[in-house]
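One structure below.
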Amino acid sequence: MATLGTPQNTIAILQKYQFHFQKKFGQNFLIDPRILHKITHAAGITDNDFVLEIGPGIGTMTQYLCEAAREVAAVEIDSNLIPILEDTLHEYPNVSIIHQDILKLDIHRLIQEKNNGNPIKVVANLPYYITTPIIMGLFESHIPMESITVMVQKEVADRMQATPGTKDYGALSLAVQYYSIPETVANVPPNCFIPRPKVGSAVIRLAKRKENAVAVQDEALLFSLIRASFQQRRKTLANGLHNAPGIPLQKEQAIQILERLGISPSIRGEALSLEQFALLCNAITATVDGRNTEQP
(Lines give C-alpha, C1' and ligand atoms only; values in the text may rest on other atoms or scores of the structure.)
Protein backbone atom coordinates (compact mmCIF):
# COMPACT_ATOMS: atom_id res chain seq x y z
CA MET A 1 0.00 0.00 0.00
CA ALA A 2 1.39 3.41 -1.03
CA THR A 3 1.76 6.14 1.56
CA LEU A 4 -1.35 8.32 1.44
CA GLY A 5 0.12 11.70 2.25
CA THR A 6 0.21 12.88 -1.38
CA PRO A 7 -2.52 14.29 -3.63
CA GLN A 8 -2.16 11.49 -6.21
CA ASN A 9 -2.44 8.59 -3.75
CA THR A 10 -5.28 10.22 -1.83
CA ILE A 11 -7.27 10.84 -5.02
CA ALA A 12 -6.63 7.26 -6.16
CA ILE A 13 -8.14 5.85 -2.96
CA LEU A 14 -11.12 8.20 -3.06
CA GLN A 15 -11.82 7.20 -6.66
CA LYS A 16 -11.34 3.49 -5.98
CA TYR A 17 -14.07 3.60 -3.34
CA GLN A 18 -16.13 6.34 -5.04
CA PHE A 19 -16.03 8.17 -1.74
CA HIS A 20 -18.19 11.27 -1.32
CA PHE A 21 -17.33 13.84 1.31
CA GLN A 22 -20.04 14.46 3.88
CA LYS A 23 -20.44 17.99 5.08
CA LYS A 24 -21.93 16.86 8.41
CA PHE A 25 -18.60 15.23 9.33
CA GLY A 26 -16.47 18.21 8.25
CA GLN A 27 -14.05 16.01 6.31
CA ASN A 28 -10.76 17.43 4.99
CA PHE A 29 -7.89 15.01 4.30
CA LEU A 30 -4.23 16.03 4.63
CA ILE A 31 -2.10 15.72 1.48
CA ASP A 32 1.20 17.24 2.63
CA PRO A 33 3.87 14.82 3.95
CA ARG A 34 5.80 17.66 5.62
CA ILE A 35 2.82 18.49 7.84
CA LEU A 36 2.26 14.80 8.61
CA HIS A 37 5.90 14.47 9.73
CA LYS A 38 5.58 17.63 11.83
CA ILE A 39 2.53 16.24 13.63
CA THR A 40 4.13 12.91 14.53
CA HIS A 41 7.33 14.68 15.60
CA ALA A 42 5.44 17.24 17.71
CA ALA A 43 3.38 14.51 19.36
CA GLY A 44 6.65 12.86 20.42
CA ILE A 45 5.47 9.38 19.40
CA THR A 46 7.85 6.54 20.39
CA ASP A 47 7.70 2.79 19.97
CA ASN A 48 6.54 2.53 23.60
CA ASP A 49 3.41 4.63 23.02
CA PHE A 50 -0.24 3.76 22.71
CA VAL A 51 -1.86 6.44 20.52
CA LEU A 52 -5.54 7.29 20.28
CA GLU A 53 -6.29 8.83 16.89
CA ILE A 54 -9.60 10.64 16.48
CA GLY A 55 -10.94 11.00 12.95
CA PRO A 56 -8.45 8.95 10.88
CA GLY A 57 -10.35 9.60 7.62
CA ILE A 58 -8.79 7.33 4.99
CA GLY A 59 -5.81 6.49 7.23
CA THR A 60 -3.30 9.10 6.06
CA MET A 61 -2.02 10.12 9.48
CA THR A 62 -2.68 6.64 10.86
CA GLN A 63 0.01 5.18 8.59
CA TYR A 64 2.58 7.58 10.04
CA LEU A 65 1.44 6.85 13.59
CA CYS A 66 1.63 3.08 13.04
CA GLU A 67 5.23 3.45 11.84
CA ALA A 68 6.19 5.30 15.03
CA ALA A 69 3.99 3.90 17.84
CA ARG A 70 3.69 0.57 19.61
CA GLU A 71 -0.05 0.54 19.02
CA VAL A 72 -2.73 2.83 17.56
CA ALA A 73 -6.49 2.89 18.09
CA ALA A 74 -8.17 4.84 15.25
CA VAL A 75 -11.70 5.99 16.07
CA GLU A 76 -13.84 6.89 13.05
CA ILE A 77 -17.53 7.85 13.08
CA ASP A 78 -18.22 7.61 9.31
CA SER A 79 -19.21 4.05 8.35
CA ASN A 80 -18.27 4.76 4.71
CA LEU A 81 -14.62 5.13 5.74
CA ILE A 82 -14.33 1.82 7.62
CA PRO A 83 -13.75 -0.39 4.52
CA ILE A 84 -11.25 2.18 3.21
CA LEU A 85 -9.35 2.11 6.51
CA GLU A 86 -9.33 -1.69 6.49
CA ASP A 87 -7.71 -1.48 3.05
CA THR A 88 -5.19 1.32 3.65
CA LEU A 89 -4.10 -0.04 7.04
CA HIS A 90 -4.12 -3.78 6.34
CA GLU A 91 -0.30 -3.95 6.37
CA TYR A 92 -0.14 -2.65 9.96
CA PRO A 93 -0.68 -5.26 12.69
CA ASN A 94 -0.51 -2.61 15.43
CA VAL A 95 -3.73 -0.71 14.63
CA SER A 96 -7.31 -1.19 15.81
CA ILE A 97 -10.05 0.48 13.78
CA ILE A 98 -12.99 1.46 15.98
CA HIS A 99 -16.24 2.53 14.32
CA GLN A 100 -17.63 4.80 17.03
CA ASP A 101 -18.48 8.37 18.03
CA ILE A 102 -15.53 9.47 20.18
CA LEU A 103 -17.92 11.34 22.48
CA LYS A 104 -19.65 8.04 23.31
CA LEU A 105 -16.59 5.79 23.48
CA ASP A 106 -15.51 4.44 26.89
CA ILE A 107 -11.94 5.72 26.63
CA HIS A 108 -11.05 4.72 30.20
CA ARG A 109 -11.87 1.11 29.37
CA LEU A 110 -9.92 1.27 26.11
CA ILE A 111 -6.83 2.59 27.92
CA GLN A 112 -7.14 -0.07 30.59
CA GLU A 113 -7.37 -2.84 27.99
CA LYS A 114 -4.73 -1.55 25.58
CA ASN A 115 -2.27 0.34 27.81
CA ASN A 116 -2.74 -1.04 31.36
CA GLY A 117 -4.28 2.29 32.37
CA ASN A 118 -1.05 4.22 31.64
CA PRO A 119 -1.10 7.69 30.03
CA ILE A 120 -1.70 7.79 26.28
CA LYS A 121 -1.06 10.32 23.52
CA VAL A 122 -3.95 11.65 21.47
CA VAL A 123 -3.61 12.79 17.85
CA ALA A 124 -6.52 14.20 15.87
CA ASN A 125 -7.56 16.09 12.76
CA LEU A 126 -10.86 17.37 14.09
CA PRO A 127 -13.87 18.77 12.24
CA TYR A 128 -14.00 22.41 13.24
CA TYR A 129 -17.59 22.34 14.46
CA ILE A 130 -16.85 19.71 17.14
CA THR A 131 -13.30 20.64 18.19
CA THR A 132 -14.23 22.14 21.55
CA PRO A 133 -16.61 19.38 22.76
CA ILE A 134 -14.05 16.68 21.95
CA ILE A 135 -11.05 18.42 23.54
CA MET A 136 -12.98 19.45 26.65
CA GLY A 137 -14.51 15.98 26.87
CA LEU A 138 -11.01 14.46 26.94
CA PHE A 139 -9.85 16.84 29.67
CA GLU A 140 -12.99 16.72 31.81
CA SER A 141 -13.19 12.92 31.78
CA HIS A 142 -9.73 12.91 33.41
CA ILE A 143 -8.40 10.09 31.25
CA PRO A 144 -4.69 9.31 31.75
CA MET A 145 -3.13 11.33 28.97
CA GLU A 146 0.24 12.92 28.19
CA SER A 147 -0.80 15.23 25.37
CA ILE A 148 -3.27 16.06 22.62
CA THR A 149 -1.74 17.03 19.25
CA VAL A 150 -4.53 18.26 17.07
CA MET A 151 -5.26 19.97 13.76
CA VAL A 152 -7.78 22.76 14.31
CA GLN A 153 -8.98 25.94 12.67
CA LYS A 154 -6.25 28.56 13.15
CA GLU A 155 -8.68 30.86 14.91
CA VAL A 156 -9.38 28.12 17.49
CA ALA A 157 -5.65 27.56 18.06
CA ASP A 158 -5.27 31.32 18.67
CA ARG A 159 -8.13 31.26 21.17
CA MET A 160 -6.59 28.35 23.08
CA GLN A 161 -3.41 30.35 23.68
CA ALA A 162 -4.93 33.80 24.18
CA THR A 163 -4.12 35.96 27.21
CA PRO A 164 -6.38 38.25 29.30
CA GLY A 165 -7.65 41.40 27.61
CA THR A 166 -7.12 40.20 24.04
CA LYS A 167 -9.94 39.71 21.54
CA ASP A 168 -9.34 35.94 21.29
CA TYR A 169 -9.40 35.43 25.08
CA GLY A 170 -12.43 33.51 26.32
CA ALA A 171 -13.77 30.47 28.13
CA LEU A 172 -11.89 28.09 25.82
CA SER A 173 -8.56 29.85 26.54
CA LEU A 174 -9.05 29.44 30.28
CA ALA A 175 -10.28 25.86 30.13
CA VAL A 176 -7.43 24.67 27.89
CA GLN A 177 -4.79 26.52 29.94
CA TYR A 178 -6.24 25.14 33.19
CA TYR A 179 -5.60 21.57 32.06
CA SER A 180 -2.64 21.94 29.66
CA ILE A 181 0.17 24.01 28.18
CA PRO A 182 -0.77 24.87 24.56
CA GLU A 183 1.81 25.42 21.82
CA THR A 184 1.24 25.93 18.09
CA VAL A 185 3.42 23.51 16.12
CA ALA A 186 2.60 24.54 12.55
CA ASN A 187 0.29 26.77 10.56
CA VAL A 188 -1.34 24.84 7.72
CA PRO A 189 -2.73 26.60 4.61
CA PRO A 190 -5.90 25.36 2.87
CA ASN A 191 -3.96 23.86 -0.07
CA CYS A 192 -2.64 21.11 2.22
CA PHE A 193 -6.07 19.43 2.23
CA ILE A 194 -8.56 17.70 -0.05
CA PRO A 195 -11.07 19.32 -0.25
CA ARG A 196 -9.65 22.72 0.56
CA PRO A 197 -11.21 24.32 3.64
CA LYS A 198 -12.13 27.98 3.43
CA VAL A 199 -9.96 28.94 6.39
CA GLY A 200 -6.41 28.37 7.57
CA SER A 201 -5.60 25.61 10.05
CA ALA A 202 -3.00 25.04 12.73
CA VAL A 203 -1.50 22.08 14.53
CA ILE A 204 -1.48 22.70 18.27
CA ARG A 205 0.00 20.51 20.97
CA LEU A 206 -1.68 20.55 24.37
CA ALA A 207 0.76 19.13 26.92
CA LYS A 208 -1.30 17.85 29.86
CA ARG A 209 -0.28 19.42 33.14
CA LYS A 210 0.67 17.03 35.96
CA GLU A 211 -1.36 19.29 38.23
CA ASN A 212 -4.01 21.75 37.06
CA ALA A 213 -2.74 25.31 36.61
CA VAL A 214 -4.57 26.61 39.68
CA ALA A 215 -5.96 24.97 42.83
CA VAL A 216 -9.69 25.39 43.42
CA GLN A 217 -12.02 23.78 45.93
CA ASP A 218 -14.91 23.57 43.46
CA GLU A 219 -13.93 22.96 39.82
CA ALA A 220 -17.54 23.06 38.63
CA LEU A 221 -18.00 26.50 40.20
CA LEU A 222 -14.78 27.75 38.56
CA PHE A 223 -16.11 26.91 35.10
CA SER A 224 -19.54 28.35 35.97
CA LEU A 225 -17.79 31.63 36.83
CA ILE A 226 -15.80 31.57 33.59
CA ARG A 227 -18.86 30.85 31.45
CA ALA A 228 -20.87 33.56 33.21
CA SER A 229 -18.12 36.10 32.57
CA PHE A 230 -17.87 35.44 28.84
CA GLN A 231 -21.50 34.78 28.01
CA GLN A 232 -22.15 38.40 28.93
CA ARG A 233 -18.89 40.00 27.80
CA ARG A 234 -20.22 43.56 27.85
CA LYS A 235 -21.44 43.38 31.44
CA THR A 236 -19.33 44.22 34.45
CA LEU A 237 -18.10 41.24 36.43
CA ALA A 238 -20.36 42.04 39.38
CA ASN A 239 -23.46 42.12 37.15
CA GLY A 240 -22.38 38.98 35.30
CA LEU A 241 -22.00 37.03 38.54
CA HIS A 242 -25.30 38.30 39.90
CA ASN A 243 -27.24 37.35 36.75
CA ALA A 244 -25.64 33.95 36.19
CA PRO A 245 -27.62 30.82 37.07
CA GLY A 246 -25.87 28.44 39.46
CA ILE A 247 -23.78 31.11 41.20
CA PRO A 248 -25.24 31.63 44.69
CA LEU A 249 -24.49 35.33 45.13
CA GLN A 250 -26.45 38.53 45.53
CA LYS A 251 -24.94 41.50 43.72
CA GLU A 252 -23.87 43.11 47.01
CA GLN A 253 -22.07 39.92 48.02
CA ALA A 254 -20.32 39.74 44.66
CA ILE A 255 -19.13 43.35 45.04
CA GLN A 256 -17.85 42.70 48.58
CA ILE A 257 -15.90 39.61 47.53
CA LEU A 258 -14.37 41.35 44.50
CA GLU A 259 -13.31 44.39 46.56
CA ARG A 260 -11.81 42.10 49.24
CA LEU A 261 -9.72 40.45 46.50
CA GLY A 262 -8.61 43.82 45.14
CA ILE A 263 -10.61 43.38 41.93
CA SER A 264 -12.74 46.27 40.69
CA PRO A 265 -16.45 45.24 40.51
CA SER A 266 -16.74 47.29 37.30
CA ILE A 267 -14.07 45.23 35.52
CA ARG A 268 -15.18 42.88 32.75
CA GLY A 269 -14.52 39.15 33.03
CA GLU A 270 -12.32 39.18 29.92
CA ALA A 271 -9.68 41.11 31.89
CA LEU A 272 -9.28 38.45 34.61
CA SER A 273 -6.49 35.90 34.60
CA LEU A 274 -7.00 32.24 35.43
CA GLU A 275 -5.36 32.87 38.82
CA GLN A 276 -7.86 35.63 39.58
CA PHE A 277 -10.78 33.40 38.59
CA ALA A 278 -9.40 30.76 40.98
CA LEU A 279 -9.15 33.29 43.84
CA LEU A 280 -12.72 34.39 43.14
CA CYS A 281 -13.94 30.79 43.02
CA ASN A 282 -12.36 29.92 46.35
CA ALA A 283 -13.66 33.12 47.97
CA ILE A 284 -17.22 32.37 46.82
CA THR A 285 -16.90 28.77 48.06
CA ALA A 286 -15.72 30.01 51.47
CA THR A 287 -18.56 32.56 51.64
CA VAL A 288 -21.24 29.99 50.75
CA ASP A 289 -19.77 27.36 53.09
CA GLY A 290 -19.61 29.89 55.90
CA ARG A 291 -23.21 30.88 55.27
CA ASN A 292 -24.27 27.24 55.31
CA THR A 293 -22.52 26.51 58.62
CA GLU A 294 -24.21 29.48 60.24
CA GLN A 295 -27.66 28.09 59.44
CA PRO A 296 -29.25 25.99 62.22
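Every chain in the C-alpha coordinates takes a letter, A first, then B, and so on in the order presented; its residues are numbered from 1, and the ligands are numbered from 1 following the presented order.
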Next on the checklist: Using only C-alpha atoms, which protein or nucleic acid residues come within 12 Å of Glu219 (chain A)? Drop anything in the same chain fewer than 2 positions from it, and give the result as a ChimeraX atom specification.
Outcome noted: /A:140,175,178-179,212-217,221-226,277-278,280-282,285
For the interface of region 203-277 of chain A with region 115-139 of chain A (cut-off 10 Å, counting only C-alpha atoms), please tabulate each contacting residue of region 203-277 of chain A alongside its nearest pair of atoms and their separation in Å to one decimal, rows sorted by chain and increasing number, as a tab-separated table.
```
residue	atom	partner	partner_atom	distance
A:Val203	CA	A:Asn125	CA	8.7
A:Arg205	CA	A:Val123	CA	9.1
A:Leu206	CA	A:Val122	CA	9.6
A:Ala207	CA	A:Lys121	CA	9.6
A:Lys208	CA	A:Phe139	CA	8.6
```
Would you mind exporting the chosen residues as a PDB file, in the first residue's frame, restricted to N, CA and C atoms?
```pdb
ATOM      1  N   VAL A 203      -1.719  23.244  13.651  1.00  0.00           N
ATOM      2  CA  VAL A 203      -1.496  22.084  14.526  1.00  0.00           C
ATOM      3  C   VAL A 203      -1.082  22.637  15.879  1.00  0.00           C
ATOM      4  N   ARG A 205      -0.251  21.574  20.003  1.00  0.00           N
ATOM      5  CA  ARG A 205       0.004  20.507  20.974  1.00  0.00           C
ATOM      6  C   ARG A 205      -0.394  21.007  22.355  1.00  0.00           C
ATOM      7  N   LEU A 206      -1.232  20.230  23.019  1.00  0.00           N
ATOM      8  CA  LEU A 206      -1.677  20.552  24.372  1.00  0.00           C
ATOM      9  C   LEU A 206      -1.016  19.556  25.316  1.00  0.00           C
ATOM     10  N   ALA A 207       0.054  19.996  25.979  1.00  0.00           N
ATOM     11  CA  ALA A 207       0.762  19.129  26.924  1.00  0.00           C
ATOM     12  C   ALA A 207       0.011  19.125  28.249  1.00  0.00           C
ATOM     13  N   LYS A 208      -0.487  17.962  28.638  1.00  0.00           N
ATOM     14  CA  LYS A 208      -1.301  17.852  29.858  1.00  0.00           C
ATOM     15  C   LYS A 208      -0.456  18.195  31.080  1.00  0.00           C
TER      16      LYS A 208
END
```
Next on the checklist: To test your reading of the structure, identify every residue in region 17-241 of chain A that backbone DSSP assigns to alpha helix (DSSP H), and report it as a PyMOL selection string.
Outcome noted: chain A and resi 33-43+60-68+82-88+107-115+131-140+154-161+171-179+219-231+237-241
Next on the checklist: So that I can check the secondary structure, give me every residue of region 2-182 of chain A assigned strand (DSSP E or B) by backbone DSSP, as a ChimeraX atom specification.
Outcome noted: /A:29-30,50-54,71-76,95-99,120-125,145-153,180-182
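Of the residues listed (A:Ile204, A:Ala74, A:Val95, A:Ile58), A:Ile204 shows the shortest atom-to-atom separation from Asp158 (chain A); distances use only C-alpha atoms.
One finds CA of Gly44 (chain A) at 18.5 Å from CA of Val152 (chain A).
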